[in-house]
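Student: Sharing target_21.cif (mmCIF, C-alpha atoms) below.
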```
data_upload
#
loop_
_atom_site.label_atom_id
_atom_site.label_comp_id
_atom_site.auth_asym_id
_atom_site.auth_seq_id
_atom_site.Cartn_x
_atom_site.Cartn_y
_atom_site.Cartn_z
CA MET K 18 73.48 81.55 62.11
CA MET K 19 71.87 83.25 65.14
CA GLN K 20 74.07 85.47 67.27
CA THR K 21 74.44 84.48 70.93
CA THR K 22 73.58 87.01 73.64
CA ALA K 23 76.00 88.17 76.33
CA ILE K 24 74.28 86.13 79.06
CA GLU K 25 74.43 83.00 76.87
CA ARG K 26 78.16 83.51 76.24
CA VAL K 27 78.76 84.11 79.96
CA LYS K 28 76.89 80.94 80.99
CA SER K 29 78.56 78.81 78.33
CA ALA K 30 82.11 80.00 79.07
CA PHE K 31 81.55 79.96 82.86
CA ILE K 32 80.21 76.39 82.91
CA ALA K 33 82.97 75.15 80.57
CA GLY K 34 85.49 76.92 82.80
CA LEU K 35 83.94 75.30 85.86
CA TRP K 36 84.50 71.79 84.46
CA ALA K 37 88.04 72.67 83.38
CA THR K 38 88.81 74.05 86.84
CA LEU K 39 87.31 71.01 88.56
CA ALA K 40 89.66 68.85 86.48
CA SER K 41 92.54 71.14 87.48
CA ILE K 42 91.59 70.87 91.16
CA THR K 43 91.31 67.09 90.99
CA ILE K 44 94.82 66.89 89.53
CA GLY K 45 96.49 69.72 91.46
CA PHE K 46 94.93 69.25 94.89
CA GLY K 47 95.42 65.49 94.68
CA PHE K 48 99.11 66.18 94.04
CA LYS K 49 99.30 68.51 97.07
CA ILE K 50 97.60 65.93 99.29
CA TRP K 51 100.04 63.27 98.13
CA LEU K 52 103.01 65.59 98.81
CA ALA K 53 101.67 66.38 102.29
CA GLN K 54 101.87 62.66 103.18
CA TRP K 55 105.65 62.44 102.89
CA VAL K 56 107.36 65.79 102.17
CA ALA K 57 108.42 67.70 105.31
CA LYS K 58 105.84 70.26 106.40
CA GLU K 59 108.54 72.96 106.68
CA ASP K 60 109.76 72.30 103.11
CA LEU K 61 106.24 72.67 101.70
CA ALA K 62 105.66 75.86 103.69
CA LEU K 63 108.92 77.38 102.36
CA TYR K 64 108.19 76.29 98.77
CA HIS K 65 104.71 77.82 98.79
CA THR K 66 106.01 81.00 100.42
CA SER K 67 108.75 81.39 97.75
CA ILE K 68 106.21 80.97 94.92
CA ASP K 69 103.91 83.46 96.66
CA ILE K 70 106.63 86.11 96.76
CA ILE K 71 107.51 85.70 93.06
CA SER K 72 103.82 85.57 92.12
CA LEU K 73 103.10 88.76 94.04
CA SER K 74 105.42 90.76 91.78
CA LEU K 75 104.46 89.18 88.43
CA ILE K 76 100.74 88.90 89.13
CA LEU K 77 100.75 92.70 89.24
CA MET K 78 100.82 92.38 85.44
CA THR K 79 97.58 90.40 85.44
CA GLY K 80 96.04 93.72 86.43
CA PHE K 81 96.68 94.74 82.83
CA ARG K 82 94.23 92.04 81.78
CA SER K 83 91.09 93.93 82.79
CA SER K 84 92.29 97.20 81.26
CA MET K 85 93.33 95.36 78.06
CA VAL K 86 89.89 93.73 77.85
CA VAL K 87 88.00 97.00 78.43
CA SER K 88 90.23 99.15 76.18
CA TYR K 89 90.28 96.62 73.32
CA SER K 90 86.48 96.28 73.44
CA GLN K 91 86.26 100.06 73.02
CA THR K 92 89.08 100.82 70.53
CA GLN K 93 90.01 97.49 68.81
CA ASN K 94 93.62 98.80 68.82
CA ASP K 95 95.35 95.53 69.75
CA LYS K 96 98.72 96.52 68.19
CA ASP K 97 99.48 99.44 70.52
CA ILE K 98 97.78 97.89 73.55
CA THR K 99 99.91 94.74 73.15
CA ASN K 100 103.16 96.70 72.73
CA ILE K 101 102.50 98.82 75.83
CA PHE K 102 101.86 95.61 77.76
CA ARG K 103 105.07 94.03 76.39
CA TYR K 104 107.28 96.93 77.53
CA SER K 105 105.61 96.95 80.96
CA LEU K 106 106.01 93.18 81.40
CA ILE K 107 109.69 93.23 80.40
CA THR K 108 110.29 95.96 82.98
CA MET K 109 108.48 94.00 85.71
CA VAL K 110 110.37 90.76 84.94
CA LEU K 111 113.71 92.59 85.21
CA LEU K 112 112.65 94.23 88.49
CA THR K 113 111.57 90.86 89.88
CA TRP K 114 114.89 89.36 88.80
CA GLY K 115 116.89 92.17 90.40
CA VAL K 116 114.93 92.71 93.62
CA VAL K 117 112.73 89.73 94.54
CA LEU K 118 115.23 86.98 93.69
CA PRO K 119 117.97 88.35 96.01
CA TYR K 120 115.32 88.78 98.75
CA ILE K 121 114.41 85.08 98.57
CA LYS K 122 118.03 83.93 98.44
CA HIS K 123 119.81 86.28 100.84
CA THR K 124 117.12 87.65 103.21
CA LEU K 125 114.87 84.62 103.64
CA HIS K 126 117.80 82.19 103.10
CA ILE K 127 115.61 79.68 101.30
CA PRO K 128 117.87 76.89 99.96
CA VAL K 129 116.88 76.90 96.28
CA GLU K 130 119.10 77.11 93.20
CA TYR K 131 119.52 80.52 91.53
CA PHE K 132 118.76 78.90 88.15
CA HIS K 133 115.43 77.56 89.42
CA LEU K 134 114.30 80.97 90.64
CA VAL K 135 115.29 82.67 87.38
CA GLY K 136 113.44 79.99 85.43
CA ILE K 137 110.28 80.45 87.51
CA ILE K 138 110.40 84.23 87.00
CA LEU K 139 110.78 83.85 83.21
CA GLY K 140 108.21 81.03 82.99
CA MET K 141 105.62 82.98 84.94
CA GLY K 142 106.39 86.10 82.91
CA PHE K 143 105.71 84.35 79.58
CA LYS K 144 102.59 82.71 80.99
CA VAL K 145 101.19 86.07 82.16
CA TYR K 146 101.90 87.58 78.72
CA PHE K 147 99.95 84.97 76.75
CA THR K 148 97.21 84.64 79.39
CA ASN K 149 96.49 88.37 79.07
CA GLN K 150 96.54 88.17 75.27
CA ILE K 151 93.99 85.39 74.99
CA ALA K 152 91.83 87.21 77.56
CA MET K 153 91.91 90.37 75.46
CA TYR K 154 90.79 88.44 72.36
CA ARG K 155 88.14 86.56 74.42
CA MET K 156 89.60 83.14 73.48
CA TYR K 157 87.74 81.33 76.23
CA ASN K 158 88.39 77.85 74.82
CA ILE K 159 92.19 78.21 75.00
CA SER K 160 91.95 79.64 78.52
CA ASN K 161 89.90 76.66 79.72
CA LYS K 162 92.34 74.15 78.22
CA VAL K 163 95.30 75.77 80.02
CA THR K 164 93.37 75.56 83.31
CA TRP K 165 93.54 71.74 83.45
CA MET K 166 96.71 71.21 81.41
CA GLU K 167 99.02 73.22 83.69
CA PRO K 168 98.77 71.09 86.89
CA LEU K 169 99.04 67.95 84.78
CA ALA K 170 102.25 69.26 83.18
CA GLN K 171 103.67 70.15 86.61
CA ILE K 172 103.03 66.65 87.99
CA LEU K 173 104.63 64.97 84.94
CA VAL K 174 107.76 67.12 85.23
CA PHE K 175 107.93 66.49 88.99
CA PHE K 176 107.85 62.71 88.49
CA ILE K 177 110.58 62.94 85.83
CA CYS K 178 112.81 65.08 88.07
CA PHE K 179 112.25 63.15 91.29
CA TYR K 180 112.08 59.52 90.10
CA LEU K 181 114.11 59.50 86.87
CA LEU K 182 116.69 62.23 87.52
CA GLY K 183 117.01 61.70 91.29
CA GLN K 184 116.46 65.34 92.29
CA ALA K 185 115.40 66.24 95.85
CA ALA K 186 111.67 66.74 96.38
CA ILE K 187 111.83 70.52 96.91
CA ALA K 188 114.17 70.96 93.91
CA SER K 189 111.78 68.89 91.78
CA LEU K 190 108.90 71.14 92.86
CA PHE K 191 110.72 74.29 91.74
CA ILE K 192 111.80 72.75 88.42
CA SER K 193 108.29 71.45 87.71
CA MET K 194 106.79 74.90 88.37
CA MET K 195 109.34 76.50 86.02
CA LEU K 196 108.92 74.07 83.11
CA SER K 197 105.12 73.75 83.36
CA SER K 198 104.78 77.56 83.16
CA LEU K 199 106.99 77.65 80.07
CA ALA K 200 105.07 74.76 78.49
CA MET K 201 101.71 76.52 78.99
CA ALA K 202 103.13 79.74 77.55
CA GLY K 203 104.23 77.80 74.45
CA PHE K 204 100.81 76.16 74.11
CA MET K 205 98.99 79.50 74.33
CA PHE K 206 101.37 81.08 71.80
CA ILE K 207 100.78 78.30 69.22
CA SER K 208 97.00 78.21 69.81
CA ARG K 209 96.59 81.99 69.62
CA ARG K 210 98.78 82.28 66.52
CA LYS K 211 96.52 79.88 64.60
CA GLN K 212 93.73 82.46 64.93
CA ILE K 213 95.46 85.83 65.33
CA ALA K 214 99.06 86.78 64.48
CA THR K 215 100.18 89.74 66.58
CA THR K 216 102.71 92.31 65.35
CA PRO K 217 106.34 92.26 66.57
CA LEU K 218 107.67 94.60 69.28
CA ASP K 219 107.38 98.14 67.94
CA SER K 220 107.06 101.77 68.96
CA VAL K 221 103.72 103.01 70.29
CA ASN K 222 101.80 105.92 68.79
CA MET K 223 100.28 107.45 71.91
CA ASP K 224 96.88 109.13 71.64
CA SER K 225 94.27 110.04 74.24
CA SER K 226 92.73 106.53 74.28
CA LEU K 227 96.16 104.91 74.84
CA VAL K 228 97.04 107.41 77.58
CA SER K 229 93.75 106.42 79.23
CA PHE K 230 94.68 102.74 78.75
CA VAL K 231 98.07 103.26 80.44
CA LYS K 232 96.42 105.02 83.41
CA LYS K 233 93.83 102.25 83.74
CA SER K 234 96.52 99.57 83.43
CA PHE K 235 98.64 101.16 86.14
CA THR K 236 95.62 101.43 88.43
CA ALA K 237 94.49 97.88 87.60
CA SER K 238 98.00 96.56 88.31
CA LEU K 239 97.97 98.22 91.72
CA GLU K 240 94.55 96.66 92.33
CA ALA K 241 95.82 93.20 91.35
CA GLY K 242 98.70 93.71 93.75
CA ALA K 243 96.25 94.75 96.47
CA SER K 244 94.15 91.63 95.78
CA ILE K 245 97.15 89.32 96.17
CA LEU K 246 98.43 91.39 99.09
CA MET K 247 95.28 90.59 101.07
CA ILE K 248 96.19 86.89 101.03
CA TYR K 249 99.91 87.62 101.52
CA ILE K 250 99.13 89.76 104.59
CA THR K 251 97.32 86.79 106.14
CA VAL K 252 100.51 84.77 105.60
CA LEU K 253 102.66 87.52 107.16
CA LEU K 254 100.32 87.83 110.16
CA THR K 255 100.46 84.05 110.62
CA VAL K 256 104.27 84.08 110.40
CA ALA K 257 104.58 87.01 112.81
CA HIS K 258 102.10 85.92 115.48
CA PHE K 259 101.83 82.14 115.23
CA SER K 260 104.02 79.03 114.92
CA ILE K 261 105.50 77.28 111.85
CA GLU K 262 102.91 74.54 112.50
CA GLU K 263 100.05 77.01 112.09
CA LEU K 264 101.75 78.48 109.01
CA GLY K 265 101.87 74.96 107.58
CA ASP K 266 98.14 74.52 108.29
CA PHE K 267 97.40 77.71 106.38
CA GLN K 268 99.74 77.09 103.43
CA VAL K 269 99.04 73.38 102.92
CA VAL K 270 95.29 73.18 103.75
CA VAL K 271 93.54 76.56 104.00
CA ARG K 272 95.38 78.42 101.26
CA PRO K 273 94.75 75.76 98.57
CA VAL K 274 91.03 75.65 99.47
CA ILE K 275 90.82 79.46 99.13
CA THR K 276 92.79 79.29 95.87
CA TYR K 277 90.66 76.53 94.34
CA LEU K 278 87.33 78.10 95.31
CA THR K 279 88.60 81.40 93.87
CA LEU K 280 89.62 79.62 90.66
CA LEU K 281 86.19 77.99 90.43
CA PHE K 282 83.88 80.88 91.20
CA VAL K 283 85.78 84.20 91.41
CA PHE K 284 88.39 84.26 88.61
CA PRO K 285 85.83 83.18 85.96
CA ILE K 286 83.99 86.45 86.65
CA TYR K 287 87.08 88.41 85.55
CA ARG K 288 87.82 85.98 82.71
CA PHE K 289 84.32 85.63 81.23
CA VAL K 290 81.90 88.12 82.81
CA LEU K 291 84.07 91.27 82.62
CA PRO K 292 84.66 91.04 78.82
CA GLU K 293 80.94 90.58 78.17
CA LEU K 294 80.01 93.39 80.59
CA ALA K 295 82.47 95.69 78.78
CA VAL K 296 80.76 94.98 75.45
CA CYS K 297 77.29 95.45 77.03
CA VAL K 298 78.35 98.80 78.50
CA ARG K 299 79.70 99.92 75.13
CA ASN K 300 76.39 98.94 73.50
CA SER K 301 74.27 100.33 76.40
CA ASP K 302 72.63 96.91 76.69
CA ILE K 303 71.14 97.34 80.17
CA GLN K 304 68.86 94.30 79.95
CA GLN K 305 71.78 91.91 79.34
CA ILE K 306 73.67 93.44 82.28
CA LYS K 307 70.65 92.86 84.54
CA GLN K 308 70.41 89.23 83.40
CA ILE K 309 74.13 88.63 84.01
CA LYS K 310 73.89 90.15 87.51
CA LYS K 311 70.83 88.06 88.40
CA TRP K 312 72.58 84.86 87.28
CA ILE K 313 75.79 85.66 89.22
CA TYR K 314 73.86 86.50 92.41
CA LYS K 315 71.90 83.26 92.18
CA LEU K 316 75.16 81.32 91.65
CA ALA K 317 76.78 83.09 94.64
CA ALA K 318 73.84 82.25 96.92
CA ILE K 319 73.89 78.56 95.99
CA VAL K 320 77.68 78.16 96.19
CA GLY K 321 78.17 80.32 99.30
CA SER K 322 75.44 78.65 101.36
CA GLY K 323 76.46 75.16 100.19
CA PHE K 324 80.10 75.71 101.17
CA PHE K 325 79.16 77.17 104.57
CA ILE K 326 76.79 74.30 105.48
CA THR K 327 79.37 71.71 104.36
CA MET K 328 82.14 73.28 106.46
CA LEU K 329 79.84 73.81 109.45
CA LEU K 330 78.88 70.13 109.53
CA PHE K 331 81.87 68.28 108.09
CA SER K 332 85.04 70.45 108.18
CA HIS K 333 86.79 68.27 110.81
CA ASP K 334 85.83 65.05 109.03
CA ILE K 335 86.98 66.32 105.63
CA VAL K 336 90.37 67.56 106.90
CA ALA K 337 90.91 64.32 108.86
CA TRP K 338 90.05 62.23 105.79
CA VAL K 339 92.25 64.16 103.35
CA PHE K 340 95.28 65.20 105.42
CA PRO K 341 97.54 63.64 108.09
CA PRO K 342 96.55 64.20 111.79
CA GLU K 343 99.01 67.11 112.27
CA TYR K 344 96.82 69.30 110.02
CA ALA K 345 93.65 68.87 112.16
CA GLN K 346 93.72 72.47 113.45
CA ALA K 347 93.06 73.74 109.93
CA ALA K 348 89.39 72.64 110.18
CA PRO K 349 88.06 75.53 112.33
CA VAL K 350 89.95 78.02 110.14
CA LEU K 351 88.20 76.63 107.03
CA MET K 352 84.82 76.78 108.77
CA HIS K 353 85.26 80.47 109.63
CA PHE K 354 86.39 81.28 106.07
CA SER K 355 83.25 79.65 104.65
CA MET K 356 81.09 82.35 106.29
CA PHE K 357 82.61 85.01 104.04
CA PHE K 358 83.13 83.28 100.70
CA ILE K 359 79.82 84.48 99.23
CA PHE K 360 81.09 88.07 99.55
CA MET K 361 84.19 87.21 97.47
CA ILE K 362 81.95 86.10 94.58
CA LEU K 363 79.55 89.05 94.80
CA ASN K 364 82.39 91.53 95.19
CA ALA K 365 84.12 90.10 92.10
CA TYR K 366 80.99 90.78 90.03
CA GLN K 367 80.61 94.30 91.40
CA LEU K 368 84.26 95.18 90.73
CA ALA K 369 83.94 93.74 87.20
CA PHE K 370 80.83 95.91 86.70
CA ILE K 371 82.67 98.99 88.00
CA LYS K 372 85.71 98.35 85.76
CA ALA K 373 83.52 97.69 82.72
CA HIS K 374 82.42 101.32 83.14
CA GLY K 375 86.07 102.43 83.16
CA LEU K 376 86.10 103.31 86.88
CA PHE K 377 89.42 101.64 87.70
CA THR K 378 90.39 104.18 90.38
CA GLN K 379 87.22 103.50 92.39
CA SER K 380 87.93 99.77 92.12
CA LEU K 381 91.46 100.31 93.49
CA MET K 382 90.15 102.40 96.39
CA ILE K 383 87.75 99.59 97.31
CA ARG K 384 90.65 97.09 97.34
CA ILE K 385 92.76 99.36 99.54
CA SER K 386 89.83 99.76 101.92
CA GLY K 387 89.63 95.95 102.11
CA ILE K 388 93.30 95.73 103.10
CA CYS K 389 92.83 98.39 105.79
CA GLY K 390 89.76 96.53 107.04
CA LEU K 391 91.77 93.29 107.19
CA ILE K 392 94.63 94.78 109.24
CA VAL K 393 92.48 96.80 111.65
CA SER K 394 89.99 93.98 112.27
CA TYR K 395 92.82 91.48 112.91
CA TYR K 396 94.14 93.52 115.82
CA ILE K 397 90.59 93.91 117.15
CA TYR K 398 89.97 90.13 116.94
CA SER K 399 93.37 89.35 118.47
CA GLU K 400 92.28 91.22 121.62
CA VAL K 401 89.42 88.74 121.96
CA THR K 402 91.19 85.50 120.96
CA ASP K 403 94.76 84.27 120.53
CA ASN K 404 93.60 81.59 118.07
CA VAL K 405 94.78 81.62 114.43
CA VAL K 406 91.11 81.93 113.33
CA ALA K 407 91.52 85.66 114.06
CA VAL K 408 93.54 85.91 110.83
CA ILE K 409 90.88 84.31 108.63
CA LEU K 410 88.09 86.30 110.32
CA ALA K 411 90.03 89.48 109.54
CA LEU K 412 90.37 88.40 105.89
CA GLY K 413 86.62 87.80 105.72
CA THR K 414 85.92 91.19 107.29
CA GLY K 415 88.07 92.84 104.62
CA TYR K 416 86.00 91.19 101.87
CA LEU K 417 82.75 92.14 103.62
CA LEU K 418 83.83 95.79 103.74
CA MET K 419 84.73 95.68 100.04
CA PHE K 420 81.30 94.23 99.24
CA ILE K 421 79.55 97.08 101.06
CA LEU K 422 81.66 99.77 99.34
CA SER K 423 81.35 98.22 95.86
CA SER K 424 77.56 97.99 96.34
CA LEU K 425 77.47 101.73 97.00
CA VAL K 426 79.54 102.51 93.88
CA GLU K 427 77.39 100.16 91.78
CA ARG K 428 74.27 102.00 92.99
CA GLN K 429 75.82 105.36 92.00
CA ILE K 430 76.52 104.04 88.49
CA HIS K 431 72.92 102.86 88.12
CA ARG K 432 71.61 106.25 89.27
CA ARG K 433 73.86 108.05 86.76
CA GLU K 434 72.77 105.73 83.93
CA HIS K 435 69.12 106.26 84.82
CA CYS K 436 69.55 110.04 84.74
CA ASN K 437 71.24 109.86 81.31
CA MET K 438 68.64 107.47 79.89
CA PRO K 439 66.24 108.80 77.20
CA MET K 440 62.70 109.42 78.51
CA GLU K 441 61.14 106.66 76.41
CA GLN K 442 63.46 104.05 77.98
CA LYS K 443 62.61 105.29 81.48
CA ILE K 444 58.91 104.84 80.72
CA LYS K 445 59.57 101.25 79.58
#
```
Take the structure in the file and give it back as structure tokens.
Tutor:
Amino acid sequence: MMQTTAIERVKSAFIAGLWATLASITIGFGFKIWLAQWVAKEDLALYHTSIDIISLSLILMTGFRSSMVVSYSQTQNDKDITNIFRYSLITMVLLTWGVVLPYIKHTLHIPVEYFHLVGIILGMGFKVYFTNQIAMYRMYNISNKVTWMEPLAQILVFFICFYLLGQAAIASLFISMMLSSLAMAGFMFISRRKQIATTPLDSVNMDSSLVSFVKKSFTASLEAGASILMIYITVLLTVAHFSIEELGDFQVVVRPVITYLTLLFVFPIYRFVLPELAVCVRNSDIQQIKQIKKWIYKLAAIVGSGFFITMLLFSHDIVAWVFPPEYAQAAPVLMHFSMFFIFMILNAYQLAFIKAHGLFTQSLMIRISGICGLIVSYYIYSEVTDNVVAVILALGTGYLLMFILSSLVERQIHRREHCNMPMEQKIK
């Protein structure tokens, strides 16, 4: 049987992931649209904000995913890598339980049951654990199945809680999030175990490669936090400077569009492209890396320009068709975001390329620069306009700055590789 090349594996997994994500969007976004028709706007805004806060702490652990992928491709030491990740995740879950949960209950005064919040923290924790494991082993098929199964599971649980058990709508939302996360964690555990049985929790024999893995994981976790923080800062700026109505526009309309486009075209780069780039870097397969880059850039150009033209011409019509009239002001915000989406895709590839070379610190610095660009540009834009579009323009400016900086680092890597290349390859 012929071996597939890296670019073939990337295309196959990416396209399969695209269909799985489209199914997920059809199910999940349809559910959100339906909720927006009858659930109070304030309740939905508070629900999404609560999930965001919990996600911000636990998604830090998804930063481990890239370092697990890169380190495992280099060392094949899954036993110690997995145990280091386990200890780190347990610590983060306990911190979230002890710090974030009281913040939601007693500082924000969000009326949600303590049991529901604990369940969401544990459910998300287990889901992150198995998601990272299947990413490390490059089990793309399992990952794609979870993509469309999770929103379906959440809807089923919501209907059971709301219609059969008579729970309030917001309580049903929290319960459905908790149980669907646990269900997906169970599915990934069973599916992974059929192929690979991992060792139980054990001590770790630290060597230089594992010390390097821990450093990369810590840096990657900070970067994941910085990535989520960029979106969270836009929420905080909206809360601080605009009304609850404008917060509802962002959380119910704009935020899901950003999330779904990211799921379709940005996350697959970290899920499918990064693992293949890591293997290509290990094998010094420069030609495959060039082919992957060319394909991603072509994809970004098609998707970015298509999204921008659609929003420029039809953003008001689309929002009016999908959402109730009170969400009409979300249309110009979406249109302004569409100008910058291409840079999110290109920047994702460049950061994946940088991390595949083990340069996690540079990747973190680029993320931090993006956050600084977001905050500074917001206050510049707010001097010109008092419209909420200033927030989304600032977010886009942050991504544009990251794209410029990551392009410079990518160019430095290429120069270094060219200098280290044998003379006969340079002549070719």
Student: Could you write out as a PyMOL selection string the residues that the PyMOL selection byres ((chain K and resi 162-165) around 12) matches in the shown file?
Tutor: chain K and resi 30+33-46+144+147-148+151+156-161+166-172+197-206+208+277+280-281+284-285+288
Student: I would like the residues chosen by the PyMOL selection byres ((chain K and resi 137) around 9) on the shown file; could you give them as an mmCIF file with C-alpha atoms, in the frame of the given file?
Tutor:
```cif
data_model
loop_
_atom_site.group_PDB
_atom_site.id
_atom_site.type_symbol
_atom_site.label_atom_id
_atom_site.label_comp_id
_atom_site.auth_asym_id
_atom_site.auth_seq_id
_atom_site.Cartn_x
_atom_site.Cartn_y
_atom_site.Cartn_z
ATOM 1 C CA ILE K 68 106.210 80.970 94.920
ATOM 2 C CA ILE K 71 107.510 85.700 93.060
ATOM 3 C CA PHE K 132 118.760 78.900 88.150
ATOM 4 C CA HIS K 133 115.430 77.560 89.420
ATOM 5 C CA LEU K 134 114.300 80.970 90.640
ATOM 6 C CA VAL K 135 115.290 82.670 87.380
ATOM 7 C CA GLY K 136 113.440 79.990 85.430
ATOM 8 C CA ILE K 138 110.400 84.230 87.000
ATOM 9 C CA LEU K 139 110.780 83.850 83.210
ATOM 10 C CA GLY K 140 108.210 81.030 82.990
ATOM 11 C CA MET K 141 105.620 82.980 84.940
ATOM 12 C CA GLY K 142 106.390 86.100 82.910
ATOM 13 C CA PHE K 191 110.720 74.290 91.740
ATOM 14 C CA ILE K 192 111.800 72.750 88.420
ATOM 15 C CA MET K 194 106.790 74.900 88.370
ATOM 16 C CA MET K 195 109.340 76.500 86.020
ATOM 17 C CA LEU K 196 108.920 74.070 83.110
ATOM 18 C CA SER K 198 104.780 77.560 83.160
ATOM 19 C CA LEU K 199 106.990 77.650 80.070
#
```
Student: Measuring between all atoms listed in the file, which one of K:Ser394, K:Ser72, K:Ser380, K:Thr99 shows the shortest distance to Ala214 in chain K?
Tutor: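 Answer, going by the shortest atom-to-atom distance: K:Thr99.
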Student: Report as a PDB file with C-alpha atoms, in the coordinates of the input the residues that result from applying the PyMOL selection byres ((chain K and resi 235) around 12) to the structure here.
Tutor:
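Contents of part05.pdb, as written:
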```pdb
ATOM      1  CA  LEU K  77     100.750  92.700  89.240  1.00  0.00           C
ATOM      2  CA  MET K  78     100.820  92.380  85.440  1.00  0.00           C
ATOM      3  CA  THR K  79      97.580  90.400  85.440  1.00  0.00           C
ATOM      4  CA  GLY K  80      96.040  93.720  86.430  1.00  0.00           C
ATOM      5  CA  PHE K  81      96.680  94.740  82.830  1.00  0.00           C
ATOM      6  CA  ARG K  82      94.230  92.040  81.780  1.00  0.00           C
ATOM      7  CA  SER K  83      91.090  93.930  82.790  1.00  0.00           C
ATOM      8  CA  SER K  84      92.290  97.200  81.260  1.00  0.00           C
ATOM      9  CA  MET K  85      93.330  95.360  78.060  1.00  0.00           C
ATOM     10  CA  ILE K 101     102.500  98.820  75.830  1.00  0.00           C
ATOM     11  CA  PHE K 102     101.860  95.610  77.760  1.00  0.00           C
ATOM     12  CA  SER K 105     105.610  96.950  80.960  1.00  0.00           C
ATOM     13  CA  LEU K 106     106.010  93.180  81.400  1.00  0.00           C
ATOM     14  CA  VAL K 228      97.040 107.410  77.580  1.00  0.00           C
ATOM     15  CA  SER K 229      93.750 106.420  79.230  1.00  0.00           C
ATOM     16  CA  PHE K 230      94.680 102.740  78.750  1.00  0.00           C
ATOM     17  CA  VAL K 231      98.070 103.260  80.440  1.00  0.00           C
ATOM     18  CA  LYS K 232      96.420 105.020  83.410  1.00  0.00           C
ATOM     19  CA  LYS K 233      93.830 102.250  83.740  1.00  0.00           C
ATOM     20  CA  SER K 234      96.520  99.570  83.430  1.00  0.00           C
ATOM     21  CA  THR K 236      95.620 101.430  88.430  1.00  0.00           C
ATOM     22  CA  ALA K 237      94.490  97.880  87.600  1.00  0.00           C
ATOM     23  CA  SER K 238      98.000  96.560  88.310  1.00  0.00           C
ATOM     24  CA  LEU K 239      97.970  98.220  91.720  1.00  0.00           C
ATOM     25  CA  GLU K 240      94.550  96.660  92.330  1.00  0.00           C
ATOM     26  CA  ALA K 241      95.820  93.200  91.350  1.00  0.00           C
ATOM     27  CA  GLY K 242      98.700  93.710  93.750  1.00  0.00           C
ATOM     28  CA  PHE K 377      89.420 101.640  87.700  1.00  0.00           C
ATOM     29  CA  THR K 378      90.390 104.180  90.380  1.00  0.00           C
ATOM     30  CA  LEU K 381      91.460 100.310  93.490  1.00  0.00           C
TER      31      LEU K 381
END
```
Student: Tell me which protein, DNA and RNA residues are within 10 Å of Val117 in chain K, counting only C-alpha atoms, leaving out same-chain ones fewer than 6 positions away, and put them as number ranges by chain.
Tutor: K: 67, 70-71, 73-74, 110-111, 124, 134, 138
Student: Keeping C-alpha atoms, export the residues of the selection given above as a PDB file, in the coordinates of the input.
Tutor:
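Output saved as selection-v2.pdb:
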```
ATOM      1  CA  SER K  67     108.750  81.390  97.750  1.00  0.00           C
ATOM      2  CA  ILE K  70     106.630  86.110  96.760  1.00  0.00           C
ATOM      3  CA  ILE K  71     107.510  85.700  93.060  1.00  0.00           C
ATOM      4  CA  LEU K  73     103.100  88.760  94.040  1.00  0.00           C
ATOM      5  CA  SER K  74     105.420  90.760  91.780  1.00  0.00           C
ATOM      6  CA  VAL K 110     110.370  90.760  84.940  1.00  0.00           C
ATOM      7  CA  LEU K 111     113.710  92.590  85.210  1.00  0.00           C
ATOM      8  CA  THR K 124     117.120  87.650 103.210  1.00  0.00           C
ATOM      9  CA  LEU K 134     114.300  80.970  90.640  1.00  0.00           C
ATOM     10  CA  ILE K 138     110.400  84.230  87.000  1.00  0.00           C
TER      11      ILE K 138
END
```
Student: Restricting the calculation to only C-alpha atoms: of K:Val296, K:Tyr64, K:Val269, K:Val221, which residue gets closest to Gln93 in chain K?
Tutor: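 Closest to Gln93 in chain K of all the choices is K:Val296.
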Student: What are the nearest atom pairs, with distances in Å to one decimal, for all residues of range 236-274 of chain K that come at most 12 Å from range 318-340 of chain K, using all atoms listed in the file, set out by chain and rising residue number as CSV?
Tutor:
```
residue,atom,partner,partner_atom,distance
K:Gly265,CA,K:Phe340,CA,12.0
K:Asp266,CA,K:Phe340,CA,10.2
K:Val269,CA,K:Phe340,CA,9.3
K:Val270,CA,K:Val336,CA,8.1
K:Val271,CA,K:Val336,CA,10.0
K:Val274,CA,K:Val336,CA,11.0
```
